[in-house]
$ cat model33.txt   # compact mmCIF, C-alpha atoms and all ligand atoms
# COMPACT_ATOMS: atom_id res chain seq x y z
CA MET P 1 -90.67 31.95 -6.39
CA ILE P 2 -87.47 33.49 -7.83
CA LEU P 3 -87.74 37.27 -8.12
CA VAL P 4 -85.93 38.56 -11.24
CA THR P 5 -85.81 42.35 -11.21
CA GLY P 6 -85.30 43.88 -14.66
CA GLY P 7 -86.37 40.49 -16.04
CA LEU P 8 -87.63 41.97 -19.33
CA GLY P 9 -84.17 43.32 -20.16
CA PHE P 10 -81.54 41.74 -22.40
CA ILE P 11 -79.70 39.62 -19.81
CA GLY P 12 -82.72 39.42 -17.50
CA SER P 13 -85.01 37.85 -20.10
CA HIS P 14 -82.41 35.26 -21.05
CA THR P 15 -81.90 34.43 -17.37
CA VAL P 16 -85.65 34.00 -16.86
CA VAL P 17 -85.67 31.49 -19.74
CA SER P 18 -82.75 29.57 -18.20
CA LEU P 19 -84.43 29.57 -14.76
CA GLN P 20 -87.69 28.26 -16.22
CA GLU P 21 -85.86 25.63 -18.28
CA LYS P 22 -84.43 24.40 -14.94
CA GLY P 23 -87.93 24.25 -13.40
CA HIS P 24 -87.81 27.42 -11.29
CA GLU P 25 -90.98 29.50 -10.80
CA VAL P 26 -90.25 33.14 -11.76
CA LEU P 27 -91.71 36.52 -10.88
CA ILE P 28 -90.43 39.42 -12.99
CA VAL P 29 -90.52 42.95 -11.59
CA ASP P 30 -89.74 45.49 -14.30
CA ASP P 31 -90.65 49.17 -14.79
CA LEU P 32 -90.67 48.91 -18.62
CA SER P 33 -88.25 51.88 -18.80
CA ASN P 34 -85.92 49.99 -21.12
CA ALA P 35 -88.01 47.02 -22.29
CA THR P 36 -91.37 46.30 -23.90
CA ILE P 37 -94.10 44.02 -22.58
CA GLU P 38 -93.78 41.88 -25.75
CA VAL P 39 -90.60 40.42 -24.26
CA LEU P 40 -92.92 38.37 -22.02
CA ASP P 41 -94.31 36.67 -25.17
CA GLY P 42 -90.74 35.99 -26.28
CA ILE P 43 -89.85 34.41 -22.93
CA GLU P 44 -92.93 32.18 -23.16
CA ALA P 45 -92.06 31.21 -26.77
CA ALA P 46 -88.45 30.46 -25.80
CA SER P 47 -89.18 28.44 -22.64
CA GLY P 48 -92.80 27.31 -22.92
CA THR P 49 -93.69 29.07 -19.66
CA ARG P 50 -95.06 32.59 -19.13
CA PRO P 51 -93.57 34.07 -15.95
CA LYS P 52 -95.57 36.34 -13.65
CA LEU P 53 -94.94 40.06 -14.15
CA GLU P 54 -95.39 43.02 -11.79
CA VAL P 55 -94.74 46.41 -13.41
CA LEU P 56 -93.01 48.49 -10.75
CA ASN P 57 -90.00 50.76 -10.30
CA LEU P 58 -88.09 49.47 -7.27
CA GLN P 59 -87.61 53.02 -5.97
CA ASP P 60 -91.24 52.68 -4.81
CA SER P 61 -90.60 51.23 -1.35
CA VAL P 62 -94.32 50.67 -0.67
CA GLY P 63 -94.61 48.74 -3.93
CA VAL P 64 -91.57 46.64 -3.06
CA ALA P 65 -93.05 45.84 0.36
CA GLU P 66 -96.30 44.74 -1.31
CA ILE P 67 -94.36 42.38 -3.59
CA PHE P 68 -92.73 40.70 -0.58
CA GLN P 69 -96.12 40.41 1.13
CA ALA P 70 -97.86 38.99 -1.94
CA TYR P 71 -95.23 36.43 -2.99
CA ASN P 72 -93.07 33.87 -1.21
CA ILE P 73 -89.71 35.09 -2.54
CA THR P 74 -87.10 32.31 -2.20
CA GLY P 75 -84.34 33.88 -4.29
CA ILE P 76 -83.52 37.18 -6.00
CA ILE P 77 -81.56 37.93 -9.17
CA HIS P 78 -81.22 41.70 -9.34
CA PHE P 79 -80.72 43.21 -12.82
CA ALA P 80 -82.96 46.29 -12.59
CA ALA P 81 -80.73 49.35 -13.08
CA ALA P 82 -80.13 52.15 -15.54
CA LYS P 83 -77.00 51.25 -17.49
CA ALA P 84 -76.10 53.84 -20.11
CA VAL P 85 -72.57 54.95 -19.27
CA GLY P 86 -72.80 58.28 -21.13
CA GLU P 87 -76.27 59.12 -19.80
CA SER P 88 -75.09 58.47 -16.24
CA VAL P 89 -72.51 61.27 -16.62
CA GLN P 90 -75.33 63.67 -17.60
CA LYS P 91 -77.77 62.44 -14.89
CA PRO P 92 -75.75 61.23 -11.87
CA ILE P 93 -78.51 61.95 -9.31
CA ALA P 94 -81.09 59.92 -11.21
CA TYR P 95 -78.58 57.07 -11.59
CA TYR P 96 -77.68 56.94 -7.88
CA GLN P 97 -81.34 57.29 -6.85
CA ASN P 98 -82.51 54.56 -9.21
CA ASN P 99 -79.68 52.05 -9.04
CA LEU P 100 -78.83 52.35 -5.35
CA GLY P 101 -82.32 53.25 -4.12
CA SER P 102 -83.73 50.13 -5.77
CA LEU P 103 -81.05 47.91 -4.22
CA LEU P 104 -81.59 49.41 -0.76
CA ASN P 105 -85.36 48.89 -0.96
CA LEU P 106 -84.84 45.21 -1.79
CA LEU P 107 -82.37 44.79 1.10
CA ALA P 108 -84.74 46.53 3.52
CA GLU P 109 -87.45 43.98 2.67
CA ILE P 110 -85.02 41.07 3.04
CA GLU P 111 -84.06 42.40 6.49
CA LYS P 112 -87.77 42.77 7.46
CA SER P 113 -88.53 39.23 6.23
CA HIS P 114 -85.93 37.70 8.57
CA LYS P 115 -85.38 35.15 5.77
CA PRO P 116 -81.84 34.63 4.36
CA ILE P 117 -83.05 35.04 0.77
CA PRO P 118 -80.25 34.11 -1.71
CA PHE P 119 -79.23 37.19 -3.71
CA ILE P 120 -77.43 37.38 -7.09
CA PHE P 121 -76.19 40.84 -8.08
CA SER P 122 -75.61 41.96 -11.67
CA SER P 123 -72.21 43.63 -11.61
CA SER P 124 -69.73 44.48 -14.33
CA CYS P 125 -66.08 44.22 -15.35
CA THR P 126 -66.11 48.01 -15.51
CA VAL P 127 -65.21 47.93 -11.81
CA TYR P 128 -61.68 46.97 -12.91
CA GLY P 129 -61.22 49.96 -15.22
CA GLU P 130 -57.96 49.63 -17.18
CA ALA P 131 -56.59 46.52 -15.46
CA GLU P 132 -52.82 46.36 -14.97
CA THR P 133 -52.68 42.62 -15.71
CA LEU P 134 -54.54 40.54 -18.29
CA PRO P 135 -56.48 38.28 -18.11
CA ILE P 136 -58.38 39.90 -15.24
CA THR P 137 -58.92 37.90 -12.04
CA GLU P 138 -61.39 38.66 -9.25
CA ARG P 139 -58.39 39.81 -7.17
CA ALA P 140 -57.57 42.60 -9.63
CA PRO P 141 -57.79 45.98 -7.89
CA ILE P 142 -61.03 47.93 -8.18
CA GLN P 143 -60.20 51.20 -9.96
CA PRO P 144 -61.98 54.52 -9.40
CA ALA P 145 -65.16 54.36 -11.47
CA MET P 146 -65.06 56.08 -14.87
CA SER P 147 -68.79 56.98 -14.67
CA PRO P 148 -71.64 57.23 -12.16
CA TYR P 149 -73.05 54.07 -13.78
CA GLY P 150 -69.83 52.19 -13.05
CA ASN P 151 -69.80 53.64 -9.54
CA THR P 152 -73.31 52.34 -8.83
CA LYS P 153 -71.95 48.86 -9.51
CA GLN P 154 -68.97 49.39 -7.20
CA VAL P 155 -71.05 50.94 -4.42
CA GLY P 156 -73.73 48.27 -4.92
CA GLU P 157 -71.13 45.58 -4.29
CA GLU P 158 -69.88 47.40 -1.18
CA ILE P 159 -73.43 47.70 0.18
CA LEU P 160 -73.94 43.96 -0.33
CA ALA P 161 -70.60 43.04 1.23
CA ASP P 162 -71.53 45.10 4.32
CA THR P 163 -75.06 43.68 4.49
CA VAL P 164 -74.06 40.00 4.50
CA ASN P 165 -72.17 40.69 7.74
CA ALA P 166 -75.28 42.18 9.33
CA LEU P 167 -78.01 39.78 8.22
CA GLU P 168 -77.66 36.28 9.70
CA GLY P 169 -77.39 33.64 6.96
CA PHE P 170 -77.69 36.17 4.10
CA ARG P 171 -75.63 34.99 1.12
CA VAL P 172 -74.75 37.06 -1.95
CA ILE P 173 -72.92 36.36 -5.20
CA SER P 174 -71.90 39.29 -7.43
CA LEU P 175 -71.36 38.39 -11.07
CA ARG P 176 -68.99 40.70 -12.98
CA TYR P 177 -69.94 40.43 -16.65
CA PHE P 178 -67.62 41.18 -19.51
CA ASN P 179 -69.39 41.95 -22.81
CA PRO P 180 -72.72 40.11 -23.23
CA ILE P 181 -73.82 39.59 -26.86
CA GLY P 182 -76.08 37.35 -28.93
CA ALA P 183 -79.61 35.94 -28.58
CA HIS P 184 -81.44 32.76 -27.54
CA ALA P 185 -81.41 29.95 -30.13
CA SER P 186 -85.22 30.14 -30.42
CA ASN P 187 -84.80 33.67 -31.84
CA ALA P 188 -87.75 34.65 -29.64
CA ILE P 189 -85.72 37.03 -27.43
CA GLY P 190 -82.56 39.09 -27.98
CA GLU P 191 -80.96 42.47 -27.48
CA LEU P 192 -83.35 45.34 -28.22
CA PRO P 193 -81.50 48.58 -27.47
CA LEU P 194 -84.00 51.44 -27.51
CA GLY P 195 -82.70 54.28 -29.70
CA LYS P 196 -79.21 54.48 -31.17
CA PRO P 197 -77.17 51.53 -29.81
CA GLN P 198 -74.08 52.31 -27.72
CA ASN P 199 -72.63 48.81 -27.86
CA LEU P 200 -70.60 47.37 -30.71
CA VAL P 201 -72.55 44.25 -31.68
CA PRO P 202 -76.03 45.80 -31.95
CA PHE P 203 -74.44 48.65 -33.92
CA ILE P 204 -72.90 46.12 -36.32
CA THR P 205 -76.16 44.24 -36.84
CA GLN P 206 -78.24 47.42 -37.20
CA THR P 207 -75.75 48.79 -39.74
CA ALA P 208 -75.94 45.52 -41.69
CA ALA P 209 -79.76 45.73 -41.49
CA GLY P 210 -79.56 49.17 -43.12
CA LEU P 211 -80.50 51.33 -40.12
CA TYR P 212 -77.15 53.17 -40.29
CA PRO P 213 -74.95 53.82 -43.34
CA LYS P 214 -71.78 52.61 -41.62
CA LEU P 215 -70.14 51.58 -38.36
CA THR P 216 -67.45 53.84 -36.91
CA VAL P 217 -64.57 51.97 -35.30
CA PHE P 218 -63.56 54.14 -32.35
CA GLY P 219 -59.83 54.25 -32.95
CA ASN P 220 -57.24 51.86 -34.40
CA ASP P 221 -54.13 53.37 -32.82
CA TYR P 222 -54.30 51.45 -29.55
CA PRO P 223 -51.39 49.28 -28.36
CA THR P 224 -53.06 46.04 -29.46
CA ALA P 225 -52.33 43.52 -32.25
CA ASP P 226 -54.49 45.34 -34.82
CA GLY P 227 -54.75 48.72 -33.06
CA THR P 228 -58.41 48.30 -31.99
CA ASN P 229 -59.74 47.68 -28.49
CA VAL P 230 -59.95 44.15 -27.11
CA ARG P 231 -62.95 42.85 -25.14
CA ASP P 232 -64.31 39.51 -23.90
CA TYR P 233 -67.57 38.92 -25.77
CA ILE P 234 -69.67 36.33 -23.95
CA HIS P 235 -72.82 34.69 -25.36
CA VAL P 236 -75.80 35.92 -23.34
CA VAL P 237 -77.15 32.37 -22.91
CA ASP P 238 -73.83 31.27 -21.35
CA LEU P 239 -74.15 34.27 -19.07
CA ALA P 240 -77.79 33.46 -18.20
CA GLU P 241 -76.89 29.88 -17.30
CA ALA P 242 -74.18 31.16 -14.94
CA HIS P 243 -76.86 33.04 -12.96
CA VAL P 244 -78.83 29.84 -12.39
CA VAL P 245 -75.66 28.01 -11.32
CA ALA P 246 -74.80 30.84 -8.90
CA LEU P 247 -78.31 30.90 -7.39
CA GLU P 248 -78.32 27.14 -6.94
CA ARG P 249 -74.84 27.33 -5.37
CA ILE P 250 -76.34 29.46 -2.59
CA THR P 251 -79.60 27.52 -2.18
CA SER P 252 -77.65 24.26 -1.90
CA ASN P 253 -75.38 25.87 0.69
CA GLU P 254 -72.18 25.40 -1.28
CA THR P 255 -70.90 28.94 -0.79
CA SER P 256 -67.60 29.19 1.08
CA GLU P 257 -68.12 32.83 2.13
CA ALA P 258 -71.21 34.97 2.70
CA TYR P 259 -70.18 37.27 -0.17
CA GLU P 260 -68.61 35.84 -3.33
CA VAL P 261 -67.58 37.44 -6.62
CA PHE P 262 -67.09 35.78 -10.02
CA ASN P 263 -65.87 37.15 -13.36
CA LEU P 264 -68.03 35.87 -16.20
CA GLY P 265 -66.31 35.81 -19.58
CA THR P 266 -64.95 33.45 -22.21
CA GLY P 267 -61.35 34.10 -21.15
CA LYS P 268 -60.55 35.11 -24.75
CA GLY P 269 -60.05 38.67 -25.97
CA SER P 270 -61.37 39.74 -29.36
CA SER P 271 -60.57 43.05 -31.07
CA VAL P 272 -63.20 45.26 -32.73
CA LEU P 273 -61.85 44.25 -36.15
CA GLU P 274 -62.01 40.55 -35.18
CA VAL P 275 -65.68 41.00 -34.22
CA ILE P 276 -66.33 42.65 -37.59
CA GLN P 277 -64.53 39.74 -39.31
CA SER P 278 -66.65 37.28 -37.32
CA PHE P 279 -69.82 39.06 -38.48
CA GLU P 280 -68.69 38.99 -42.12
CA ARG P 281 -67.80 35.30 -41.79
CA VAL P 282 -71.14 34.20 -40.32
CA SER P 283 -73.35 36.54 -42.41
CA GLY P 284 -71.51 36.33 -45.73
CA LEU P 285 -71.93 40.13 -45.92
CA LYS P 286 -69.35 42.90 -46.19
CA LEU P 287 -69.82 45.43 -43.36
CA THR P 288 -69.40 49.13 -44.19
CA TYR P 289 -67.20 50.75 -41.57
CA GLU P 290 -64.68 53.55 -41.17
CA ILE P 291 -61.98 54.23 -38.62
CA GLY P 292 -62.89 57.21 -36.43
CA ASP P 293 -61.58 58.91 -33.31
CA ARG P 294 -61.14 57.12 -30.01
CA ARG P 295 -64.20 57.12 -27.67
CA ALA P 296 -63.62 58.78 -24.29
CA GLY P 297 -63.56 56.30 -21.43
CA ASP P 298 -62.68 53.24 -23.48
CA VAL P 299 -60.14 50.91 -21.89
CA VAL P 300 -57.54 49.39 -24.24
CA ALA P 301 -58.20 45.77 -23.38
CA ALA P 302 -60.27 43.70 -20.94
CA TYR P 303 -60.84 39.97 -20.86
CA ALA P 304 -61.55 37.56 -18.02
CA ASP P 305 -59.45 35.04 -16.15
CA THR P 306 -62.14 32.35 -15.93
CA LYS P 307 -60.35 30.00 -13.51
CA LYS P 308 -62.45 30.84 -10.45
CA ALA P 309 -65.80 30.52 -12.27
CA ASN P 310 -64.63 27.28 -13.91
CA GLU P 311 -63.26 25.65 -10.75
CA VAL P 312 -65.41 27.08 -7.95
CA LEU P 313 -68.70 27.79 -9.73
CA GLY P 314 -68.27 24.76 -11.99
CA TRP P 315 -69.34 26.84 -14.99
CA LYS P 316 -67.67 27.68 -18.30
CA THR P 317 -68.83 29.17 -21.58
CA GLN P 318 -70.05 26.66 -24.19
CA ARG P 319 -70.61 28.97 -27.16
CA SER P 320 -68.12 30.60 -29.55
CA LEU P 321 -67.86 34.19 -30.76
CA ASP P 322 -69.15 33.14 -34.21
CA GLU P 323 -72.19 31.44 -32.62
CA ALA P 324 -72.94 34.55 -30.59
CA ILE P 325 -72.59 36.88 -33.58
CA ALA P 326 -74.67 34.55 -35.78
CA SER P 327 -77.45 34.53 -33.15
CA ALA P 328 -77.31 38.35 -32.87
CA TRP P 329 -77.64 38.65 -36.64
CA ALA P 330 -80.54 36.14 -36.82
CA TRP P 331 -82.34 38.15 -34.13
CA GLU P 332 -81.71 41.47 -35.92
CA LYS P 333 -83.09 40.06 -39.18
CA LYS P 334 -86.19 38.84 -37.37
CA VAL P 335 -86.78 42.18 -35.61
CA ARG P 336 -86.39 44.07 -38.89
CA GLY P 337 -88.45 41.57 -40.90
CA LEU P 338 -85.48 40.82 -43.18
C1 LIG N 1 -66.89 47.57 -27.20
C2 LIG N 1 -65.79 48.05 -28.13
C3 LIG N 1 -65.66 50.43 -28.43
C4 LIG N 1 -69.39 50.90 -30.64
C5 LIG N 1 -69.97 48.53 -22.18
C6 LIG N 1 -70.15 49.06 -20.80
C7 LIG N 1 -70.01 47.94 -19.81
C8 LIG N 1 -70.93 46.81 -20.16
C9 LIG N 1 -70.72 46.36 -21.61
C10 LIG N 1 -72.86 47.09 -18.75
C11 LIG N 1 -65.09 49.30 -27.59
C12 LIG N 1 -65.98 49.71 -29.74
C13 LIG N 1 -68.34 50.34 -29.93
C14 LIG N 1 -69.14 51.46 -31.92
C15 LIG N 1 -66.84 50.86 -31.74
N1 LIG N 1 -72.27 47.20 -19.98
N2 LIG N 1 -67.10 50.32 -30.48
N3 LIG N 1 -67.87 51.41 -32.42
O1 LIG N 1 -67.64 49.82 -23.74
O2 LIG N 1 -66.63 47.49 -23.63
O3 LIG N 1 -68.67 48.00 -22.32
O4 LIG N 1 -70.90 47.51 -22.43
O5 LIG N 1 -72.41 46.57 -17.76
O6 LIG N 1 -70.34 48.47 -18.54
O7 LIG N 1 -69.13 50.00 -20.57
O8 LIG N 1 -68.81 47.82 -24.79
O9 LIG N 1 -69.89 47.44 -26.97
O10 LIG N 1 -69.75 49.83 -26.07
O11 LIG N 1 -67.70 48.72 -26.90
O12 LIG N 1 -65.69 50.84 -32.21
O13 LIG N 1 -70.05 51.99 -32.61
O14 LIG N 1 -66.35 48.40 -29.38
O15 LIG N 1 -64.72 51.46 -28.67
O16 LIG N 1 -63.72 49.19 -27.90
P1 LIG N 1 -67.83 48.35 -23.65
P2 LIG N 1 -69.13 48.49 -26.22

$ encode --input "model33.txt" --output "C-alpha cells"
Amino acid sequence: MILVTGGLGFIGSHTVVSLQEKGHEVLIVDDLSNATIEVLDGIEAASGTRPKLEVLNLQDSVGVAEIFQAYNITGIIHFAAAKAVGESVQKPIAYYQNNLGSLLNLLAEIEKSHKPIPFIFSSSCTVYGEAETLPITERAPIQPAMSPYGNTKQVGEEILADTVNALEGFRVISLRYFNPIGAHASNAIGELPLGKPQNLVPFITQTAAGLYPKLTVFGNDYPTADGTNVRDYIHVVDLAEAHVVALERITSNETSEAYEVFNLGTGKGSSVLEVIQSFERVSGLKLTYEIGDRRAGDVVAAYADTKKANEVLGWKTQRSLDEAIASAWAWEKKVRGL
C-alpha cells in the first residue's frame, strides 16, 4: 500500500492517479484543510479506481501510529504541508508545527516499524532562491529561505538527509518542483485554489472565467527579455509521473545514494507575458491585464537544468506549455460550468 499524504491536493491527486494507472494500491491521508472530499470522485473518474482515504492531520502522532498499525505501508509520497508563502510569514509557528511536525511523526513511525520504507519528499525550487547560474542544477547552492514556508522545505530536506544515515536501508528522494500547472486530460481533477489564487496560471484562468476583472502582472522592469519574471512551468501530469518513477527507483534498488535530489522542470523558461500569450493562443480569448508593481520576494528568473532527472531518473517532460495551459483552461471552464 503506497501512502500518499496530502493526496487530495493539486499535485497529490494527480500523483495518486499516476500511481493507480501503474497498478499501485494507494492510501490517501489528508486533513481536508486545502482540498474537498469530491477530489476522491475525480481521482476515481480519472483512473477508474477509488483510493482509500483516512482524514487525519499528521500532527496527530497517535493517529499516525494507528495508520501504520492498520495498513501495510510499503512506500510513502509526502505532500501534506501548508504552502502559502505569504501566509507562512504571518503564521511561522503554525507552519513549522504543521510542516515539520507532520514529517517528524511519519519518520518516527518508520523508525518504529524497522522497515526501510521508500520515501519521496515534495520539495521545491524555492530552496535555490535567486540562483546565480541558469539553468539551475541540483548542485546550485541552497540560499537562505525567503519565507518560513520555503524554510520548512529546506529543513525538511536536512531532516531527511540526517535520517537516512541513522535508519538502516532507509532511502529518500527529494523532488524539487519548479512551477506545476495544468490538469489531467480527463478533466476530472485539476488545480482548485481555495480563495483568491496566489499563482499565475489559476489567476489567468479565473480572470478569463470572469471571477476577476483583470490580471495584474507584477512588474515588467526586470532584467529579462520582455521585462517580466521567468519561470519553468511544468505540466502537473509530467510531475506526477516523475513521482512514480522516483518511488520505483527506490523499490527496485536503483538508488546510488541513500538520499537523492532531483530538479523537476521542463528546462525551458517562460516569462509572464509568454504565459499570457500561450493562454490567448490556446483559448482564442484576449486576456485583460495591467502592469503593476513588483511582488516582494519574487526572483527574476528560475528554470531547471533537467540533465540529472533525464539521465539518472530516466524521466523527462512530455507535455508543452500550450498543452498545460489548455488543460488548465478546460478545467477552469468545467469548474465554473462555462
Ligand atoms: C509566477 C510568476 C509572479 C500572479 C510559487 C511558490 C513556489 C511554488 C510555485 C510551492 C511570478 C507572476 C503571479 C499574478 C503575476 N509553490 N504573477 N501576477 O512565485 O514562481 O512560485 O509557486 O512549492 O514555492 O513560491 O509562482 O505562480 O506565484 O508566480 O504577475 O497575479 O507570475 O510575479 O513572476 P512562484 P507564481

$ axis_aligned_box --input "model33.txt" --around "segment 264-276 of chain P" --padding-each-side "6 Å" --output "JSON"
{"center_x": -64.0, "center_y": 39.4, "center_z": -26.9, "size_x": 20.0, "size_y": 23.8, "size_z": 33.4}

$ closest_residue --input "model33.txt" --among "P:Phe121, P:Tyr96, P:Tyr71, P:Phe279" --to "Arg176 of chain P" --atoms "only C-alpha atoms"
P:Phe121

$ residues_near_ligand --input "model33.txt" --ligand "ligand LIG 1 (chain N)" --cutoff "7 Å" --atoms "all atoms listed in the file" --output "list in words"
Lys83, Val85, Ser123, Ser124, Cys125, Thr126, Gly150, Tyr177, Phe178, Asn179, Pro180, Gln198, Asn199, Leu200, Val201, Phe203, Leu215, Thr216, Val217, Phe218, Gly219, Thr228, Asn229, Val230, Arg231, Val272, Arg294, Arg295 and Asp298 of chain P

$ write_last_selection --input "model33.txt" --atoms "C-alpha atoms" --output "mmCIF file, in the frame of the given file"
data_model
loop_
_atom_site.group_PDB
_atom_site.id
_atom_site.type_symbol
_atom_site.label_atom_id
_atom_site.label_comp_id
_atom_site.auth_asym_id
_atom_site.auth_seq_id
_atom_site.Cartn_x
_atom_site.Cartn_y
_atom_site.Cartn_z
ATOM 1 C CA LYS P 83 -77.000 51.250 -17.490
ATOM 2 C CA VAL P 85 -72.570 54.950 -19.270
ATOM 3 C CA SER P 123 -72.210 43.630 -11.610
ATOM 4 C CA SER P 124 -69.730 44.480 -14.330
ATOM 5 C CA CYS P 125 -66.080 44.220 -15.350
ATOM 6 C CA THR P 126 -66.110 48.010 -15.510
ATOM 7 C CA GLY P 150 -69.830 52.190 -13.050
ATOM 8 C CA TYR P 177 -69.940 40.430 -16.650
ATOM 9 C CA PHE P 178 -67.620 41.180 -19.510
ATOM 10 C CA ASN P 179 -69.390 41.950 -22.810
ATOM 11 C CA PRO P 180 -72.720 40.110 -23.230
ATOM 12 C CA GLN P 198 -74.080 52.310 -27.720
ATOM 13 C CA ASN P 199 -72.630 48.810 -27.860
ATOM 14 C CA LEU P 200 -70.600 47.370 -30.710
ATOM 15 C CA VAL P 201 -72.550 44.250 -31.680
ATOM 16 C CA PHE P 203 -74.440 48.650 -33.920
ATOM 17 C CA LEU P 215 -70.140 51.580 -38.360
ATOM 18 C CA THR P 216 -67.450 53.840 -36.910
ATOM 19 C CA VAL P 217 -64.570 51.970 -35.300
ATOM 20 C CA PHE P 218 -63.560 54.140 -32.350
ATOM 21 C CA GLY P 219 -59.830 54.250 -32.950
ATOM 22 C CA THR P 228 -58.410 48.300 -31.990
ATOM 23 C CA ASN P 229 -59.740 47.680 -28.490
ATOM 24 C CA VAL P 230 -59.950 44.150 -27.110
ATOM 25 C CA ARG P 231 -62.950 42.850 -25.140
ATOM 26 C CA VAL P 272 -63.200 45.260 -32.730
ATOM 27 C CA ARG P 294 -61.140 57.120 -30.010
ATOM 28 C CA ARG P 295 -64.200 57.120 -27.670
ATOM 29 C CA ASP P 298 -62.680 53.240 -23.480
#

$ closest_residue --input "model33.txt" --among "P:Ile76, P:Ala140, P:Ile204, P:Leu313" --to "Glu260 of chain P" --atoms "only C-alpha atoms"
P:Leu313

$ atom_distance --input "model33.txt" --atom1 "atom CA of Gly182 of chain P" --atom2 "atom CA of Ser320 of chain P"
10.5 Å
